[in-house]
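A.B. asks: Following this message is one structure expressed as structure tokens.
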Amino acid sequence: MIRTEEMKLNFGPHHPSTHGVYRAVFTLEGEYITHCVNHLGYLHRGIEKLAESKTYNQFIPYNGRLDYVSGMMNEAAYVQAVEELMGISDQIPERAQYIRVIMSELQRIASHLVFYASMALDMAGSTPWFYGFRDRDRILDLFEMAAGNRMMPNYMRIGGVAADLNEEFLPTLRKLLDDMPKCIEEYNGILTGNEIFQARTIGVAPLSGEKALNYGMSGPSARASGIDYDLRRDEPYGIYDRFKFNVPVTQNGDTFDRYLVRLLEIEESVRILEQAYRDLSEGPVMAKVPKVIKPPAGEIFYRIEHSKGHFGFHIVSDGSNKPYRLRIYSPCFVNVAPFEEMAVGLHMQDAIATFASLDIILGEIDR
Amino acid sequence: MDIFIVWVEIFRHWLTVATGIPILAEIIVKAALTLGVIIFVLLNLIVLVWLERKLSAFFQMRRGPNRLGPAGFFQFPVDIVKMLGKEDIVPANADRPVFLIASICAFLTAIMAWAVIPLGRGLILEDLSIGIFYFIAIGSTGTIAFIMAGFSSNNKYALLGGMRAAAQMISYEIPMVFSLLGVIMITGSLTLSKIVEGQKSIWFIIPQILAFLCYFISSIAETNRGPFDMTEGEQELVGGYFLEYSGIRYALFMVAEYTHLVAVSAIAALVFLGGWNAPFGLTFIPGFIWMMLKIYFMIFLFMWVRWTFPRIRIDHLMHFGWKVLIPVSLINIVLTGIGIFVFRAITG
């Protein structure tokens with residue numbers, strides 16, 4: 001007797017395009033998904049709990065292990081949160097502030113390049129992958145010059161940055177900024193304008209702005225759905241109010257828009273970097289902070305516009321040298337949630353492209 | 001290049017004299033020639049895998065293999081040795097006999113197509129009067145091997161890969177055959193050597209450019225290469241139908257894929273690019289060399305496409321096959337028919 005039945009397919013945790021150890025259970029009818037369940041937690045390392053047994057300075061290196069493609073930004077968010085808690089955020093030297101912006105924007109470009117590369121790879125375009133990683137590598141070289149480490153820099157300090165830029169850094173940065181517009185042209189040439197790529201992304205898995213808000217999405221994934229909100233512009237932290245830049249917003253919320261917003265953001269980051277490069281002045285890079293950081297008792301929630309969305313730290317201090325509780329608000333965790341709903345009705349190939357377009361880093365989701 | 005044929009004749013003559021039985025001599029000669037073709041195909045493979053790695057590296061700003069031999073040329077033979085040393089794993093609940101013969105089937109069908117492919121004037125194992133038909137028929141049986149592999153592996157990803165293989169290869173066979181029909185109409189023969197002889201004055205790519213494009217696209221789908229490598233589907237199906245294969249059985253699938261690639265390139269060179277006919281009167285270069293150059297030009301095109309485009313979606317692929325390629329190749333047949341009619345009316 002011939003009968004048809006739905007097939008349950010275990011997608012991940014060890015699957016080439018789950019960006020780590022994400023796992024979903026698809027119910028398939030043919031190759032179309034009728035039901036999808038997210039499973040998280042395969043990369044849980046208890047970083048939040050670890051923070052309670054580390055002093056404030058000792059926790060800085062752990063930030064690189066959260067979203068491991070944007071370590072600099074995680075650190076910037078953490079140190080700024082602690083500075084805010086201590087009430088010394090107005091004492092940070094100018095130069096340190098600018099260096100933080102330069103590092104953050106470089107990291108944003110690097111993170112978006114990883115997105116670009118892995119999105120292309122998830123559609124079997126392995127050539128764009130190398131274009132993305134070629135330029136990301138130059139950014140990592142810059143990090144290596146400044147911090148000594150490429151992916152887990154441990155560069156930001158409470159009160160400034162660990163060390164001043166060396167003399168090679170700025171000329172290398174200048175060269176990178178000069179090359180960037182041409183590189184972006186190459187990215188667009190090899191992937192954005194590709195007929196197959198557009199056929200596979202335009203109109204696929206659209207997410208309305210309302211839904212994106214209800215899920216609490218933020219960052220480029222939300223801006224693709226028309227949510228015009230960027231913390232750098234709307235709630236400026238650090239010295240972001242000094243820079244002129246646009247916030248790219250698209251309205252359709254489909255896979256292509258989520259891709260496009262990130263590419264446009266690279267251009268805007270280059271603009272910010274140009275201004276920061278121009279205005280960077282000489283001076284100290286570290287404020288006078290006590291050797292042992294002991295923030296006054298109290299709590300703070302501080303968030304920044306991370307490459308993935310709103311990335312925040314909720315720190316509760318009891319006045320000792322270790323945080324009483326440190327909670328990490330993860331944009332990826334929020335952004336992966338709507339995938340369950342978006343995947344329904346999609347072809348398996350499209351589901352993977354859609355998943356890639358959400359730009360998930362599992363290290364941050366599972367913490 | 002005629003020296004090959006002379007050698008074979010000398011060998012055949014010597015055997016006939018030595019054994020005294022002409023039939024036996026004939027069998028031995030055929031066996032030796034078959035072995036020769038297989039060795040030629042496998043040697044081609046070494047060049048091909050090396051070329052693919054080097055070309056993809058070139059497209060992707062990498063260096064590619066560069067350790068073993070000149071420019072990493074011996075990487076593939078060493079890889080095969082490595083594959084031979086791997087454990088041959090059969091999944092616990094797999095359909096064991098089907099699983100085991102599937103990879104051999106894939107390899108055999110790919111090799112068998114070479115029986116009718118000439119590499120020069122007279123350089124052919126068996127100049128069948130239905131050469132092209134035989135090639136297409138053998139190519140179709142290759143699909144069965146992929147479905148066997150997909151269904152016997154007891155793996156959901158492999159099953160999906162097998163399903164895709166069935167859908168894709170069957171629907172792309174049709175435009176491939178239709179695109180070859182125009183040439184067959186012009187020459188009035190299915191014999192590959194006659195088709196090549198018919199291109200002495202003009203290569204069929206010029207009157208049959210539409211057919212050539214159709215053939216090129218559908219043969220990418222036939223050989224399961226990117227952007228139509230749906231059956232493999234690394235990103236969504238992990239490895240497709242050969243997901244559960246390991247060691248030399250996996251290598252056999254790869255070998256089959258590349259052998260098939262050379263075969264379709266050779267057919268394209270023979271049918272559309274004039275085979276061993278030299279262009280621009282450059283006849284001092286032997287026809288065999290021209291044939292190889294044309295085959296490798298086609299292979300370069302296949303690789304170029306593969307390393308440039310992302311993968312298309314399977315339903316787009318089916319739409320493209322049924323709604324674009326088949327109508328276009330049918331139109332080509334009609335146009336060819338009209339052309340032949342007009343040509344005959346003019347020349348009488």
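The chains in the structure tokens are called A, B, ... from first to last as shown; in each chain the residues are counted from 1, and the ligands are counted from 1 in the order shown.
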Apply DSSP to the backbone of this structure and, from segment 5-82 of chain A, keep only the residues in alpha helix (DSSP H); write these as a PyMOL selection string.
C.D. replies: chain A and resi 47-51+71-82
A.B. asks: Near chain A, meaning an atom within 6 Å, which residues of chain B appear when counting only C-alpha atoms? Write them as a PyMOL selection string.
C.D. replies: chain B and resi 60+235+309-312
A.B. asks: Would you mind listing what lies within 7 Å of Gly312 of chain A as a PyMOL selection string, with only C-alpha atoms counted and same-chain residues fewer than 5 positions away left out?
C.D. replies: chain A and resi 77+301-304+328-330
A.B. asks: Rank nothing, just name the residue among B:Ser189, B:Ser218, B:Ser179, B:Ser152 nearest to Ile205 of chain B, using only C-alpha atoms.
C.D. replies: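 Checking each candidate against Ile205 of chain B, we get B:Ser179 as the closest.
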A.B. asks: Skip segment 254-271 of chain B itself and residues of its chain fewer than 4 positions away, then list as a PyMOL selection string all residues within 7 Å of it, counting only C-alpha atoms.
C.D. replies: chain B and resi 41+45+106-107+110-111+114+195-196+204+219+223+250+275+294-295+298-299
A.B. asks: Find the residue from A:Ser281, A:Ser269, A:Ser208, A:Thr55 that sits nearest to Asp257 of chain A; use only C-alpha atoms when measuring.
C.D. replies: A:Ser208
A.B. asks: Please measure the separation of atom CA of Tyr172 of chain B and atom CA of Leu210 of chain B, giving the value in Å to one decimal.
C.D. replies: 15.8 Å
A.B. asks: Can you pull out the residues contacting Glu87 of chain B? Cut-off 9 Å, using only C-alpha atoms, and skip same-chain residues under 5 positions away; I want them as a PyMOL selection string.
C.D. replies: chain B and resi 246-248
A.B. asks: Rounded to one decimal place, report the atom CA of Leu40 of chain A-atom CA of Val334 of chain A distance in Å.
C.D. replies: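 Between these atoms lies a distance of 11.9 Å.
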A.B. asks: So that I can check the surroundings of Met152 of chain A, please list as a ChimeraX atom specification every protein, DNA and RNA residue that reaches within 10 Å of it, counting only C-alpha atoms and ignoring chain neighbours fewer than 3 positions away.
C.D. replies: /A:60-72,75,143-144,147-149,155
A.B. asks: For the residues in the current selection, export N, CA and C atoms as an mmCIF file, in the first residue's frame.
C.D. replies:
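The resulting out.cif:
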```
data_model
loop_
_atom_site.group_PDB
_atom_site.id
_atom_site.type_symbol
_atom_site.label_atom_id
_atom_site.label_comp_id
_atom_site.auth_asym_id
_atom_site.auth_seq_id
_atom_site.Cartn_x
_atom_site.Cartn_y
_atom_site.Cartn_z
ATOM 1 N N ILE A 60 36.782 40.735 31.438
ATOM 2 C CA ILE A 60 36.876 41.324 30.089
ATOM 3 C C ILE A 60 37.200 40.283 29.015
ATOM 4 N N PRO A 61 38.181 39.380 29.225
ATOM 5 C CA PRO A 61 38.488 38.422 28.145
ATOM 6 C C PRO A 61 37.319 37.512 27.790
ATOM 7 N N TYR A 62 36.408 37.276 28.732
ATOM 8 C CA TYR A 62 35.292 36.376 28.426
ATOM 9 C C TYR A 62 34.361 36.957 27.363
ATOM 10 N N ASN A 63 34.422 38.266 27.204
ATOM 11 C CA ASN A 63 33.528 38.895 26.226
ATOM 12 C C ASN A 63 33.820 38.428 24.805
ATOM 13 N N GLY A 64 35.099 38.134 24.540
ATOM 14 C CA GLY A 64 35.442 37.650 23.202
ATOM 15 C C GLY A 64 34.825 36.307 22.908
ATOM 16 N N ARG A 65 34.435 35.584 23.961
ATOM 17 C CA ARG A 65 33.858 34.250 23.771
ATOM 18 C C ARG A 65 32.345 34.295 23.639
ATOM 19 N N LEU A 66 31.775 35.470 23.738
ATOM 20 C CA LEU A 66 30.319 35.555 23.576
ATOM 21 C C LEU A 66 29.990 35.491 22.093
ATOM 22 N N ASP A 67 30.030 36.643 21.460
ATOM 23 C CA ASP A 67 29.855 36.674 20.016
ATOM 24 C C ASP A 67 31.261 36.704 19.441
ATOM 25 N N TYR A 68 31.753 35.524 19.083
ATOM 26 C CA TYR A 68 33.186 35.425 18.782
ATOM 27 C C TYR A 68 33.577 36.047 17.455
ATOM 28 N N VAL A 69 32.654 36.640 16.694
ATOM 29 C CA VAL A 69 33.106 37.415 15.550
ATOM 30 C C VAL A 69 33.008 38.905 15.808
ATOM 31 N N SER A 70 32.584 39.324 17.000
ATOM 32 C CA SER A 70 32.673 40.756 17.302
ATOM 33 C C SER A 70 33.111 40.977 18.735
ATOM 34 N N GLY A 71 34.281 40.455 19.050
ATOM 35 C CA GLY A 71 34.802 40.548 20.400
ATOM 36 C C GLY A 71 35.000 41.967 20.890
ATOM 37 N N MET A 72 35.528 42.840 20.023
ATOM 38 C CA MET A 72 35.795 44.224 20.421
ATOM 39 C C MET A 72 34.529 44.916 20.910
ATOM 40 N N GLU A 75 33.393 43.768 24.332
ATOM 41 C CA GLU A 75 34.208 44.368 25.381
ATOM 42 C C GLU A 75 33.838 45.823 25.588
ATOM 43 N N PHE A 143 43.541 44.486 14.393
ATOM 44 C CA PHE A 143 43.328 44.156 15.804
ATOM 45 C C PHE A 143 44.587 43.563 16.407
ATOM 46 N N GLU A 144 45.257 42.746 15.605
ATOM 47 C CA GLU A 144 46.468 42.113 16.105
ATOM 48 C C GLU A 144 47.513 43.178 16.433
ATOM 49 N N ALA A 147 45.949 44.963 19.699
ATOM 50 C CA ALA A 147 45.671 44.210 20.917
ATOM 51 C C ALA A 147 46.537 42.974 21.065
ATOM 52 N N GLY A 148 47.130 42.501 19.987
ATOM 53 C CA GLY A 148 47.947 41.304 20.078
ATOM 54 C C GLY A 148 47.174 40.038 19.806
ATOM 55 N N ASN A 149 45.860 40.124 19.773
ATOM 56 C CA ASN A 149 45.058 38.948 19.471
ATOM 57 C C ASN A 149 44.045 39.331 18.415
ATOM 58 N N TYR A 155 41.129 43.978 24.690
ATOM 59 C CA TYR A 155 41.771 45.264 24.436
ATOM 60 C C TYR A 155 41.161 46.383 25.264
#
```
